[in-house]
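Structure file query01.pdb with PDB, C-alpha atoms and all ligand atoms:
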MODEL        1
ATOM      1  CA  MET O   1      49.479 -12.135 -55.975  1.00  0.00           C
ATOM      2  CA  LYS O   2      49.103  -8.475 -55.032  1.00  0.00           C
ATOM      3  CA  LYS O   3      48.732  -7.735 -51.307  1.00  0.00           C
ATOM      4  CA  VAL O   4      45.678  -6.204 -49.632  1.00  0.00           C
ATOM      5  CA  ALA O   5      46.229  -3.567 -46.958  1.00  0.00           C
ATOM      6  CA  VAL O   6      43.750  -3.308 -44.110  1.00  0.00           C
ATOM      7  CA  ILE O   7      44.080   0.055 -42.376  1.00  0.00           C
ATOM      8  CA  MET O   8      42.030   1.073 -39.342  1.00  0.00           C
ATOM      9  CA  GLY O   9      41.782   4.493 -37.753  1.00  0.00           C
ATOM     10  CA  SER O  10      42.100   3.103 -34.233  1.00  0.00           C
ATOM     11  CA  ASP O  11      42.730  -0.265 -32.621  1.00  0.00           C
ATOM     12  CA  SER O  12      39.214   0.151 -31.205  1.00  0.00           C
ATOM     13  CA  ASP O  13      37.978  -0.608 -34.763  1.00  0.00           C
ATOM     14  CA  LEU O  14      39.556  -4.081 -34.665  1.00  0.00           C
ATOM     15  CA  PRO O  15      36.431  -6.018 -33.548  1.00  0.00           C
ATOM     16  CA  VAL O  16      34.761  -4.870 -36.801  1.00  0.00           C
ATOM     17  CA  VAL O  17      37.839  -5.059 -39.002  1.00  0.00           C
ATOM     18  CA  GLU O  18      38.939  -8.553 -38.014  1.00  0.00           C
ATOM     19  CA  LYS O  19      36.076 -10.036 -40.062  1.00  0.00           C
ATOM     20  CA  ALA O  20      37.779  -8.602 -43.153  1.00  0.00           C
ATOM     21  CA  ILE O  21      41.182  -9.862 -42.053  1.00  0.00           C
ATOM     22  CA  ASN O  22      39.780 -13.351 -41.428  1.00  0.00           C
ATOM     23  CA  THR O  23      38.058 -13.476 -44.821  1.00  0.00           C
ATOM     24  CA  LEU O  24      41.231 -12.406 -46.637  1.00  0.00           C
ATOM     25  CA  LYS O  25      43.146 -15.117 -44.757  1.00  0.00           C
ATOM     26  CA  GLU O  26      40.516 -17.750 -45.659  1.00  0.00           C
ATOM     27  CA  TYR O  27      41.093 -16.911 -49.329  1.00  0.00           C
ATOM     28  CA  GLY O  28      44.869 -17.034 -48.940  1.00  0.00           C
ATOM     29  CA  VAL O  29      45.303 -13.378 -49.869  1.00  0.00           C
ATOM     30  CA  PRO O  30      48.530 -11.810 -48.553  1.00  0.00           C
ATOM     31  CA  THR O  31      47.398  -9.151 -46.118  1.00  0.00           C
ATOM     32  CA  GLU O  32      49.026  -6.391 -44.078  1.00  0.00           C
ATOM     33  CA  VAL O  33      47.243  -4.689 -41.196  1.00  0.00           C
ATOM     34  CA  HIS O  34      48.035  -1.208 -39.820  1.00  0.00           C
ATOM     35  CA  VAL O  35      46.602   1.508 -37.595  1.00  0.00           C
ATOM     36  CA  TYR O  36      46.856   4.904 -39.309  1.00  0.00           C
ATOM     37  CA  SER O  37      44.567   7.828 -38.627  1.00  0.00           C
ATOM     38  CA  ALA O  38      43.621  10.601 -41.041  1.00  0.00           C
ATOM     39  CA  HIS O  39      43.589  13.017 -38.118  1.00  0.00           C
ATOM     40  CA  ARG O  40      45.972  11.649 -35.489  1.00  0.00           C
ATOM     41  CA  THR O  41      48.755  10.289 -37.730  1.00  0.00           C
ATOM     42  CA  PRO O  42      48.168  11.993 -41.097  1.00  0.00           C
ATOM     43  CA  GLU O  43      51.836  11.834 -42.187  1.00  0.00           C
ATOM     44  CA  GLU O  44      51.996   8.065 -41.638  1.00  0.00           C
ATOM     45  CA  ALA O  45      48.696   7.531 -43.480  1.00  0.00           C
ATOM     46  CA  ALA O  46      49.906   9.600 -46.446  1.00  0.00           C
ATOM     47  CA  ALA O  47      53.316   7.933 -46.573  1.00  0.00           C
ATOM     48  CA  PHE O  48      51.758   4.477 -46.600  1.00  0.00           C
ATOM     49  CA  SER O  49      49.292   5.429 -49.301  1.00  0.00           C
ATOM     50  CA  LYS O  50      51.885   7.096 -51.547  1.00  0.00           C
ATOM     51  CA  SER O  51      54.153   4.031 -51.469  1.00  0.00           C
ATOM     52  CA  ALA O  52      51.456   1.321 -51.501  1.00  0.00           C
ATOM     53  CA  ARG O  53      51.607   0.514 -55.214  1.00  0.00           C
ATOM     54  CA  GLU O  54      55.404   0.189 -55.314  1.00  0.00           C
ATOM     55  CA  ASN O  55      55.201  -1.931 -52.150  1.00  0.00           C
ATOM     56  CA  GLY O  56      53.096  -4.565 -53.902  1.00  0.00           C
ATOM     57  CA  PHE O  57      49.569  -3.710 -52.824  1.00  0.00           C
ATOM     58  CA  GLY O  58      46.628  -4.095 -55.194  1.00  0.00           C
ATOM     59  CA  VAL O  59      43.760  -2.893 -53.004  1.00  0.00           C
ATOM     60  CA  ILE O  60      43.507  -0.899 -49.763  1.00  0.00           C
ATOM     61  CA  ILE O  61      40.702  -1.353 -47.241  1.00  0.00           C
ATOM     62  CA  ALA O  62      40.307   1.538 -44.794  1.00  0.00           C
ATOM     63  CA  ALA O  63      38.024   1.405 -41.756  1.00  0.00           C
ATOM     64  CA  ALA O  64      37.161   4.291 -39.470  1.00  0.00           C
ATOM     65  CA  GLY O  65      34.386   5.638 -37.301  1.00  0.00           C
ATOM     66  CA  MET O  66      32.985   9.086 -36.408  1.00  0.00           C
ATOM     67  CA  ALA O  67      34.329  11.741 -38.884  1.00  0.00           C
ATOM     68  CA  ALA O  68      35.639   8.873 -40.987  1.00  0.00           C
ATOM     69  CA  HIS O  69      38.016  10.595 -43.390  1.00  0.00           C
ATOM     70  CA  LEU O  70      40.592   7.805 -43.436  1.00  0.00           C
ATOM     71  CA  ALA O  71      39.498   6.053 -46.634  1.00  0.00           C
ATOM     72  CA  GLY O  72      39.266   9.390 -48.444  1.00  0.00           C
ATOM     73  CA  ALA O  73      42.646  10.540 -47.163  1.00  0.00           C
ATOM     74  CA  ILE O  74      44.184   7.257 -48.310  1.00  0.00           C
ATOM     75  CA  ALA O  75      42.469   7.522 -51.707  1.00  0.00           C
ATOM     76  CA  ALA O  76      43.777  11.077 -52.136  1.00  0.00           C
ATOM     77  CA  ASN O  77      47.331   9.730 -52.320  1.00  0.00           C
ATOM     78  CA  THR O  78      46.979   6.643 -54.542  1.00  0.00           C
ATOM     79  CA  THR O  79      45.219   5.437 -57.672  1.00  0.00           C
ATOM     80  CA  LEU O  80      44.862   1.946 -56.182  1.00  0.00           C
ATOM     81  CA  PRO O  81      41.235   0.995 -55.477  1.00  0.00           C
ATOM     82  CA  VAL O  82      40.250   1.985 -51.928  1.00  0.00           C
ATOM     83  CA  ILE O  83      37.370   0.322 -50.084  1.00  0.00           C
ATOM     84  CA  GLY O  84      35.946   2.155 -47.071  1.00  0.00           C
ATOM     85  CA  ILE O  85      34.326   0.490 -44.062  1.00  0.00           C
ATOM     86  CA  PRO O  86      32.292   2.951 -41.981  1.00  0.00           C
ATOM     87  CA  CYS O  87      32.422   1.847 -38.337  1.00  0.00           C
ATOM     88  CA  SER O  88      29.566   2.606 -35.956  1.00  0.00           C
ATOM     89  CA  SER O  89      30.014   4.966 -33.022  1.00  0.00           C
ATOM     90  CA  LYS O  90      27.874   5.179 -29.892  1.00  0.00           C
ATOM     91  CA  VAL O  91      26.320   8.570 -30.604  1.00  0.00           C
ATOM     92  CA  LEU O  92      25.290   8.429 -34.281  1.00  0.00           C
ATOM     93  CA  GLU O  93      25.510   4.652 -34.757  1.00  0.00           C
ATOM     94  CA  GLY O  94      27.567   4.786 -37.950  1.00  0.00           C
ATOM     95  CA  MET O  95      25.548   7.302 -39.968  1.00  0.00           C
ATOM     96  CA  ASP O  96      28.348   9.812 -39.325  1.00  0.00           C
ATOM     97  CA  ALA O  97      31.007   7.441 -40.644  1.00  0.00           C
ATOM     98  CA  LEU O  98      28.850   6.226 -43.547  1.00  0.00           C
ATOM     99  CA  LEU O  99      28.325   9.709 -44.934  1.00  0.00           C
ATOM    100  CA  SER O 100      31.925  10.777 -44.253  1.00  0.00           C
ATOM    101  CA  THR O 101      33.199   7.744 -46.143  1.00  0.00           C
ATOM    102  CA  VAL O 102      30.791   7.542 -49.067  1.00  0.00           C
ATOM    103  CA  MET O 103      30.369  11.208 -50.010  1.00  0.00           C
ATOM    104  CA  MET O 104      33.672  11.674 -51.801  1.00  0.00           C
ATOM    105  CA  PRO O 105      34.229  14.525 -54.242  1.00  0.00           C
ATOM    106  CA  PRO O 106      34.347  13.626 -57.957  1.00  0.00           C
ATOM    107  CA  GLY O 107      37.770  12.356 -58.978  1.00  0.00           C
ATOM    108  CA  ILE O 108      38.692  10.566 -55.734  1.00  0.00           C
ATOM    109  CA  PRO O 109      36.440   7.512 -55.413  1.00  0.00           C
ATOM    110  CA  VAL O 110      36.041   5.333 -52.330  1.00  0.00           C
ATOM    111  CA  ALA O 111      34.025   2.129 -52.765  1.00  0.00           C
ATOM    112  CA  THR O 112      32.018   2.126 -49.555  1.00  0.00           C
ATOM    113  CA  VAL O 113      30.432  -0.937 -47.952  1.00  0.00           C
ATOM    114  CA  GLY O 114      27.703  -0.896 -45.322  1.00  0.00           C
ATOM    115  CA  VAL O 115      28.257   0.156 -41.709  1.00  0.00           C
ATOM    116  CA  ASN O 116      30.460  -2.448 -39.977  1.00  0.00           C
ATOM    117  CA  THR O 117      30.179  -4.708 -43.060  1.00  0.00           C
ATOM    118  CA  ALA O 118      33.824  -5.689 -43.071  1.00  0.00           C
ATOM    119  CA  LYS O 119      33.353  -9.100 -44.695  1.00  0.00           C
ATOM    120  CA  ASN O 120      31.932  -7.453 -47.815  1.00  0.00           C
ATOM    121  CA  ALA O 121      34.958  -5.151 -47.964  1.00  0.00           C
ATOM    122  CA  ALA O 122      37.222  -8.191 -48.029  1.00  0.00           C
ATOM    123  CA  LEU O 123      35.087  -9.948 -50.640  1.00  0.00           C
ATOM    124  CA  LEU O 124      35.124  -6.856 -52.842  1.00  0.00           C
ATOM    125  CA  ALA O 125      38.912  -6.647 -52.547  1.00  0.00           C
ATOM    126  CA  ILE O 126      39.137 -10.322 -53.486  1.00  0.00           C
ATOM    127  CA  GLU O 127      36.827  -9.771 -56.466  1.00  0.00           C
ATOM    128  CA  ILE O 128      39.141  -6.995 -57.674  1.00  0.00           C
ATOM    129  CA  LEU O 129      42.169  -9.311 -57.424  1.00  0.00           C
ATOM    130  CA  ALA O 130      40.153 -12.117 -59.048  1.00  0.00           C
ATOM    131  CA  VAL O 131      39.804 -10.115 -62.279  1.00  0.00           C
ATOM    132  CA  THR O 132      43.260 -11.433 -63.152  1.00  0.00           C
ATOM    133  CA  ASP O 133      43.400 -14.501 -60.853  1.00  0.00           C
ATOM    134  CA  GLU O 134      41.471 -17.572 -61.957  1.00  0.00           C
ATOM    135  CA  GLU O 135      41.997 -19.521 -58.715  1.00  0.00           C
ATOM    136  CA  LEU O 136      40.509 -16.728 -56.641  1.00  0.00           C
ATOM    137  CA  GLN O 137      37.623 -16.453 -59.088  1.00  0.00           C
ATOM    138  CA  LYS O 138      36.884 -20.176 -58.739  1.00  0.00           C
ATOM    139  CA  LYS O 139      36.904 -19.975 -54.940  1.00  0.00           C
ATOM    140  CA  LEU O 140      34.571 -16.975 -54.985  1.00  0.00           C
ATOM    141  CA  GLN O 141      32.165 -18.888 -57.236  1.00  0.00           C
ATOM    142  CA  ALA O 142      32.356 -22.026 -55.064  1.00  0.00           C
ATOM    143  CA  ASP O 143      31.475 -19.985 -51.963  1.00  0.00           C
ATOM    144  CA  ARG O 144      28.591 -18.310 -53.807  1.00  0.00           C
ATOM    145  CA  ASP O 145      27.289 -21.742 -54.853  1.00  0.00           C
ATOM    146  CA  ALA O 146      27.560 -23.075 -51.282  1.00  0.00           C
ATOM    147  CA  ASN O 147      25.701 -20.042 -49.909  1.00  0.00           C
ATOM    148  CA  ARG O 148      23.015 -20.436 -52.549  1.00  0.00           C
ATOM    149  CA  ALA O 149      22.532 -24.092 -51.578  1.00  0.00           C
ATOM    150  CA  LYS O 150      22.098 -23.075 -47.916  1.00  0.00           C
ATOM    151  CA  ILE O 151      19.390 -20.528 -48.799  1.00  0.00           C
ATOM    152  CA  VAL O 152      17.602 -23.026 -51.055  1.00  0.00           C
ATOM    153  CA  GLU O 153      17.416 -25.418 -48.074  1.00  0.00           C
ATOM    154  CA  LYS O 154      16.122 -22.676 -45.773  1.00  0.00           C
ATOM    155  CA  ASN O 155      13.467 -21.784 -48.343  1.00  0.00           C
ATOM    156  CA  LYS O 156      12.350 -25.408 -48.481  1.00  0.00           C
ATOM    157  CA  ALA O 157      11.997 -25.497 -44.686  1.00  0.00           C
ATOM    158  CA  ILE O 158       9.981 -22.251 -44.613  1.00  0.00           C
ATOM    159  CA  GLU O 159       7.749 -23.371 -47.488  1.00  0.00           C
ATOM    160  CA  ALA O 160       7.096 -26.703 -45.760  1.00  0.00           C
ATOM    161  CA  GLN O 161       6.188 -24.895 -42.543  1.00  0.00           C
ATOM    162  CA  PHE O 162       3.791 -22.337 -44.000  1.00  0.00           C
ATOM    163  CA  ASN O 163       2.572 -23.514 -47.415  1.00  0.00           C
ATOM    164  CA  SER O 164       1.384 -27.077 -46.900  1.00  0.00           C
TER     165      SER O 164
HETATM  166  C1  LIG O 201      38.044   7.106 -35.381  1.00  0.00           C
HETATM  167  O1  LIG O 201      37.583   7.463 -34.147  1.00  0.00           O
HETATM  168  C2  LIG O 201      38.470   5.682 -35.260  1.00  0.00           C
HETATM  169  O2  LIG O 201      38.425   5.041 -36.504  1.00  0.00           O
HETATM  170  C3  LIG O 201      37.494   5.108 -34.277  1.00  0.00           C
HETATM  171  O3  LIG O 201      36.383   4.487 -34.920  1.00  0.00           O
HETATM  172  C4  LIG O 201      36.984   6.338 -33.539  1.00  0.00           C
HETATM  173  C5  LIG O 201      37.323   6.329 -32.073  1.00  0.00           C
HETATM  174  O4  LIG O 201      38.693   6.133 -31.885  1.00  0.00           O
HETATM  175  P1  LIG O 201      39.308   5.841 -30.439  1.00  0.00           P
HETATM  176  O5  LIG O 201      38.998   7.031 -29.593  1.00  0.00           O
HETATM  177  O6  LIG O 201      38.630   4.591 -29.925  1.00  0.00           O
HETATM  178  O7  LIG O 201      40.791   5.632 -30.656  1.00  0.00           O
HETATM  179  O8  LIG O 201      39.106   7.909 -35.794  1.00  0.00           O
ENDMDL
END
Show the structure stored in the file as structure tokens.
Ligand code: RP5
Amino acid sequence: MKKVAVIMGSDSDLPVVEKAINTLKEYGVPTEVHVYSAHRTPEEAAAFSKSARENGFGVIIAAAGMAAHLAGAIAANTTLPVIGIPCSSKVLEGMDALLSTVMMPPGIPVATVGVNTAKNAALLAIEILAVTDEELQKKLQADRDANRAKIVEKNKAIEAQFNS
């Protein structure tokens, strides 16, 4: 199976990012985690990105806050799919990172999930790998079915409370 890279701009992003790491682990996806910054360690970020395909990666997840250029800087140096996680900051509460991550120029896409929505980034990476991996696809479907069953039960409880 191809590996997924989880890159964060700072170790201060870890409380958000670890939800992605945990989800990838739950699905048994080989995962590497690094701290590279578009601004503070641009050479390291570029070197990783340029060599990611030959190093066995299939998808890169990049999380950053504030002027969140990390996912875009990673995407600039690879044709692997890049998923951006905008992380919230105290001042602008993630709107800064959301717009910095999602508003990429034509030609260099970043698939951006919601602010701090790291689990969805992992699930999207897994869905990309599952295009050619039947076991992963089955596990994704089983989890969808289990979640659906939970919501059906919650609906029954709400309907019983308010509609009878
Ligand atoms: C961004 O600046 C990082 O991704 C982080 O979200 C934010 C603050 O970084 P630290 O000052 O906590 O290292 O580059």
Expanded to explicit residues, what is the PyMOL selection byres (((not hetatm)) within 6 of (chain O and resi 201)) for this file, as a list in words?
-> Gly9, Ser10, Ser12, Asp13, Ala64, Gly65, Met66 and Cys87 of chain O
Just-selected residues, C-alpha atoms written as a PDB file, in the frame of the given file:
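Printed below is again.pdb as written:
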ATOM      1  CA  GLY O   9      41.782   4.493 -37.753  1.00  0.00           C
ATOM      2  CA  SER O  10      42.100   3.103 -34.233  1.00  0.00           C
ATOM      3  CA  SER O  12      39.214   0.151 -31.205  1.00  0.00           C
ATOM      4  CA  ASP O  13      37.978  -0.608 -34.763  1.00  0.00           C
ATOM      5  CA  ALA O  64      37.161   4.291 -39.470  1.00  0.00           C
ATOM      6  CA  GLY O  65      34.386   5.638 -37.301  1.00  0.00           C
ATOM      7  CA  MET O  66      32.985   9.086 -36.408  1.00  0.00           C
ATOM      8  CA  CYS O  87      32.422   1.847 -38.337  1.00  0.00           C
TER       9      CYS O  87
END
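Of the residues under consideration (O:Ala122, O:Ala63, O:Ala130, O:Met104), O:Ala122 shows the shortest atom-to-atom contact distance to Lys25 in chain O when counting all atoms listed in the file.
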Exercise: Glu26 in chain O partners within 12 Å, only C-alpha atoms, chain neighbours under 6 positions left out, as an MDAnalysis selection string | chainID O and resid 19:20 119 122:123 126 136 139:140 143
Contacts of Pro86 in chain O within 12 Å, all atoms listed in the file, excl. fewer than 2 positions in-chain, as a PyMOL selection string | chain O and resi 8-9+13+16-17+61-72+83-84+88-89+92-103+110-118+120-121
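A straight line drawn from CA of Asn147 in chain O to CA of Ile85 in chain O is 23.0 Å long.
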Taken to one decimal, the CA of Leu14 in chain O-CA of His39 in chain O distance is 17.9 Å
Atom pair CA of Ser164 in chain O + CA of Lys150 in chain O, distance 21.1 Å
What's the 7 Å shell around Val4 in chain O, counting only C-alpha atoms, without same-chain residues fewer than 2 positions away, as a PyMOL selection string?
-> chain O and resi 2+6+30-32+57-60
Can you list what the PyMOL selection byres (((chain O and resi 43-54) around 8) and not hetatm) grabs from this structure, as an MDAnalysis selection string?
-> chainID O and resid 36:38 41:42 55:58 73:75 77:78 80
